[in-house]
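Please read the structure below before turning to the comments.
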Amino acid sequence: MLKNKDTLTQCSKKVNRKSKLIVILGPTASGKSDLAVKLAKSPALSKIEGFNGEIVCADSRQVYRGMSIGTASPSLRSPGLPVVIHHLFNFVEPNKPLNVATYKKMAIKTIKDIQKRGKMPFLVGGTGLYVKAIVDNLKFPKMEPNAKLRKELEQKTAPQLFGIYKKLDKKGALQIDKNNKRRLIRAIEVCKITGEPFWTQRQKAIPLFDILQIGINAPKTELEKRIKKRTEKMFKQGLEKEVKKLVKKYGWTPVLQNTIGYSEWRASSKPLGGLDFPRSHSVALTASHATKKELQELISLHTIQYAKRQMTWFKKNERILWVKNYQEAARKVLTFLND
RNA sequence: GCCGUGAUAGCCAAGUUGGUCAAGGCACGCCUCUGAAAAAGGCGCCAUCUCAGUUCAAUUCUGAGUCACGGCA
């Protein structure tokens, strides 16, 4: 049954069919990376001619160099798994932040290149916006962040910023998050420099690829358990050393300050009421045994919270096919490829 | 055993010289998302240790009890 269909679609494929892209997403610690590797090298799937996967990162932190342990980079995972080529991992200095728009350009270029070589790209990661940028082909306002203007606007209060924005973009003002300074600043930035209202510049373009989105998730309690275990493992793998090394080399860059597993080691990192976190944790970089344990708990908590936020993002995406295991995923991939 | 201090949400923690009391913060639940996204922001949820007294009215004042912490012995 599939064979007949196959020959039929084979023809049209060459004419105007978009190239295929498989997206694997889910919350942190759900097992995306392992699943992707297995799918990419699956013997069952390799029967299909030309099927041979390469992985492209869709994770806003795994792109940075030297942050392997804290971001659970695939480079140090599951030594038993087959070797698959990974792209856009571990390649940016943590003092040169990468943003969505730049990421999108690079990812698309990488995906197209993989397709050109006759291989199947797997976009793998948990950063909702990054995935969306590719899947929905988001068209970002062509306006690079302006550090000077941002600094200037940063001094103002949210109501003040809202006042400014209202004058520049009436329609946008009705919808924007009034209390969110970061968004207001970006919106003003775009309006001021491009001379056009921000809201009309947020657009989607025609999708670039024929996309299958596979989501993997676990029940909440199980995911929490896995996160705790993984955090413990990070400490054993030498997270402390990694953090120290990075801080020594780059200082507390915005990236390091904004990454779970790293920021917690910082002196001024916010203590947590619920955990009764001691002030002494400000000496985290020379942490005592007790403090380290608390630090580990804090990192686990932050990771669990992050996982929930990720799910909030993914829940909305109705095109995601949620699977429980490799078999289910493999079946979906097979159908997708034969389609 | 005696003296002192305290007891407010799952945790931390304000004010009320008596007026439907109940600020914050964290956790927890839900959500928003177009160049910082592991970011930023929004909404929701939960409370005065027990018993008695004074009073029109007690979370607040008084007494006793219970528990906790500190000191003395």
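Going through the structure tokens in order, the chains are called A, B, and so on, while each chain numbers its residues from 1 and the ligands are numbered from 1 in the order shown.
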
>> For the structure I just gave you, how does DSSP split stretch 34-249 of chain A - specifically, which residues are alpha helix (DSSP H)? Reply as a ChimeraX atom specification.
In response: /A:34-40,43-46,100-116,128-135,147-154,158-168,170-175,181-194,220-237,239-249

> Could you list, as a list in words, every residue of chain B that has an atom within 12 Å of an atom of chain A, counting only C-alpha atoms (C1' of nucleotides)?
Replying inline: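 Using only C-alpha atoms (C1' of nucleotides), chain B residues at most 12 Å from chain A: G10, C11, C12, A13, G25, C26, A27, C28, G29, C30, C31, U32, C33, U34, G35, A36, A37, A38, A39, A40, G41 and G42 of chain B.
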
>> Can you tell me which residues surround stretch 37-51 of chain A at a distance of at most 7 Å, considering only C-alpha atoms (C1' of nucleotides), apart from same-chain residues fewer than 2 positions away, and format the answer as a list of chain:residue names?
In response: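 Listing them by chain and then by number gives A:Ser33, A:Asp34, A:Leu35, A:Gly53, A:Glu54, A:Pro82, A:Val84, A:Gly118, A:Lys119, A:Met120, A:Ala330, A:Leu334.
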
Deliver the residues from the most recent selection as a file, using C-alpha atoms, as a PDB file, in the first residue's frame.
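Wrote it out as selection27.pdb, contents follow:
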```pdb
ATOM      1  CA  SER A  33      18.876  13.970  22.118  1.00  0.00           C
ATOM      2  CA  ASP A  34      19.059  10.223  22.580  1.00  0.00           C
ATOM      3  CA  LEU A  35      15.871   9.757  20.638  1.00  0.00           C
ATOM      4  CA  GLY A  53      20.365  11.705   9.811  1.00  0.00           C
ATOM      5  CA  GLU A  54      22.355  14.666  10.981  1.00  0.00           C
ATOM      6  CA  PRO A  82      25.893   5.541  17.456  1.00  0.00           C
ATOM      7  CA  VAL A  84      25.859  11.096  14.371  1.00  0.00           C
ATOM      8  CA  GLY A 118      21.042  13.974   0.528  1.00  0.00           C
ATOM      9  CA  LYS A 119      20.803  13.470   4.264  1.00  0.00           C
ATOM     10  CA  MET A 120      17.960  14.002   6.654  1.00  0.00           C
ATOM     11  CA  ALA A 330      10.074   5.645  14.407  1.00  0.00           C
ATOM     12  CA  LEU A 334       8.404   6.245   8.579  1.00  0.00           C
TER      13      LEU A 334
END
```

>> If we count only C-alpha atoms (C1' of nucleotides) and set the cut-off at 10 Å, which residues sit around B:A9, ignoring sequence neighbours fewer than 3 positions away in its own chain? Please answer as a list of chain:residue names.
In response: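 Once the adjacent positions are removed, what remains is B:C45, B:C46, B:A47, B:U48.
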
For the residues in that selection, give me C-alpha atoms (C1' of nucleotides) as a compact mmCIF listing (two decimals), in the first residue's frame.
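Output file again03.txt follows:
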```
# COMPACT_ATOMS: atom_id res chain seq x y z
C1' C B 45 -3.70 30.13 45.19
C1' C B 46 -2.89 29.54 50.54
C1' A B 47 -2.57 32.16 57.02
C1' U B 48 -3.12 34.81 62.66
```

>> So that I can see what lies close to A:Ile55, please list as a list of chain:residue names the residues with an atom at most 10 Å from it, counting only C-alpha atoms (C1' of nucleotides) and leaving out residues fewer than 4 positions away in the same chain.
In response: A:Ile22, A:Val23, A:Ile24, A:Ser33, A:Ala36, A:Val37, A:Ala40, A:Val84, A:Ile85, A:His86, A:His87, A:Leu88, A:Phe89, A:Thr110, A:Ile111, A:Ile114, A:Met120, A:Pro121, A:Phe122, A:Leu123, A:Val124, A:Gly125

Now that the selection is made, can you save its residues with C-alpha atoms as a JSON list (two decimals), in the first residue's frame?
```
[["chain", "number", "residue", "atom", "x", "y", "z"],
["A", 22, "ILE", "CA", 12.24, 16.33, 11.31],
["A", 23, "VAL", "CA", 11.96, 18.28, 14.53],
["A", 24, "ILE", "CA", 12.44, 16.60, 17.88],
["A", 33, "SER", "CA", 18.88, 13.97, 22.12],
["A", 36, "ALA", "CA", 17.17, 11.89, 17.81],
["A", 37, "VAL", "CA", 20.42, 9.99, 17.59],
["A", 40, "ALA", "CA", 19.00, 9.30, 12.76],
["A", 84, "VAL", "CA", 25.86, 11.10, 14.37],
["A", 85, "ILE", "CA", 27.07, 14.39, 12.98],
["A", 86, "HIS", "CA", 25.97, 17.30, 15.16],
["A", 87, "HIS", "CA", 25.71, 20.87, 13.93],
["A", 88, "LEU", "CA", 25.59, 24.21, 15.74],
["A", 89, "PHE", "CA", 26.67, 22.77, 19.05],
["A", 110, "THR", "CA", 22.84, 24.20, 7.92],
["A", 111, "ILE", "CA", 19.57, 22.40, 7.28],
["A", 114, "ILE", "CA", 22.32, 18.71, 4.92],
["A", 120, "MET", "CA", 17.96, 14.00, 6.65],
["A", 121, "PRO", "CA", 18.19, 16.93, 9.05],
["A", 122, "PHE", "CA", 16.90, 16.52, 12.59],
["A", 123, "LEU", "CA", 16.29, 19.77, 14.41],
["A", 124, "VAL", "CA", 16.61, 18.92, 18.07],
["A", 125, "GLY", "CA", 16.12, 21.13, 21.07]]
```

>> Just to confirm, what's the straight-line distance from atom CA of A:Met67 to atom CA of A:Ile227 in Å (one decimal)?
In response: 17.4 Å

>> Please report the interatomic distance between atom C1' of B:G4 and atom C1' of B:C72 in Å with one decimal.
In response: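 Interatomic distance here is 10.2 Å.
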
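For the set B:C43, B:A22, B:C51, B:A14, the residue with the smallest atom-to-atom gap to B:U66 is B:C51, counting only C-alpha atoms (C1' of nucleotides).
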
Hey, what's within 10 Å of A:Lys249 if we count only C-alpha atoms (C1' of nucleotides) and toss same-chain stuff fewer than 4 positions away? As a PDB file with N, CA and C atoms, in the first residue's frame, please?
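Generated output (part-v8.pdb):
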```
ATOM      1  N   PRO A  94      31.024  32.068  24.983  1.00  0.00           N
ATOM      2  CA  PRO A  94      29.974  32.533  25.897  1.00  0.00           C
ATOM      3  C   PRO A  94      29.991  34.040  26.156  1.00  0.00           C
ATOM      4  N   ASN A  95      30.948  34.740  25.622  1.00  0.00           N
ATOM      5  CA  ASN A  95      30.921  36.189  25.785  1.00  0.00           C
ATOM      6  C   ASN A  95      30.416  36.881  24.526  1.00  0.00           C
ATOM      7  N   VAL A 243      32.364  25.570  35.693  1.00  0.00           N
ATOM      8  CA  VAL A 243      31.922  26.936  35.965  1.00  0.00           C
ATOM      9  C   VAL A 243      33.114  27.830  36.270  1.00  0.00           C
ATOM     10  N   LYS A 244      33.977  27.359  37.135  1.00  0.00           N
ATOM     11  CA  LYS A 244      35.159  28.150  37.512  1.00  0.00           C
ATOM     12  C   LYS A 244      36.002  28.498  36.298  1.00  0.00           C
ATOM     13  N   LYS A 245      36.188  27.520  35.458  1.00  0.00           N
ATOM     14  CA  LYS A 245      37.008  27.714  34.274  1.00  0.00           C
ATOM     15  C   LYS A 245      36.401  28.790  33.364  1.00  0.00           C
TER      16      LYS A 245
END
```

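If only C-alpha atoms (C1' of nucleotides) are the atoms counted, then among B:A23, B:A57, B:A73, B:C67 the closest residue to B:G6 is B:C67.
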
> Near A:Asn317, within 12 Å and counting only C-alpha atoms (C1' of nucleotides), which residues show up once chain neighbours fewer than 2 positions away are dropped, as number ranges by chain?
Replying inline: A: 25-26, 128-129, 131-132, 135-136, 213-215, 310-315, 319-322

>> Could you tell me how far atom CA of A:Ile216 sits from atom CA of A:Lys236, in Å to one decimal place?
In response: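 Distance between the two atoms: 26.5 Å.
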
>> So that I can check the secondary structure, give me every residue of stretch 96-297 of chain A assigned strand (DSSP E or B) by backbone DSSP, as a PyMOL selection string.
In response: chain A and resi 120-124+138-139+203-204+210-216

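When only C-alpha atoms are used to measure the gap to A:Cys191, the shortest distance among A:Gly66, A:Pro219, A:Gly251, A:Gly172 belongs to A:Gly172.
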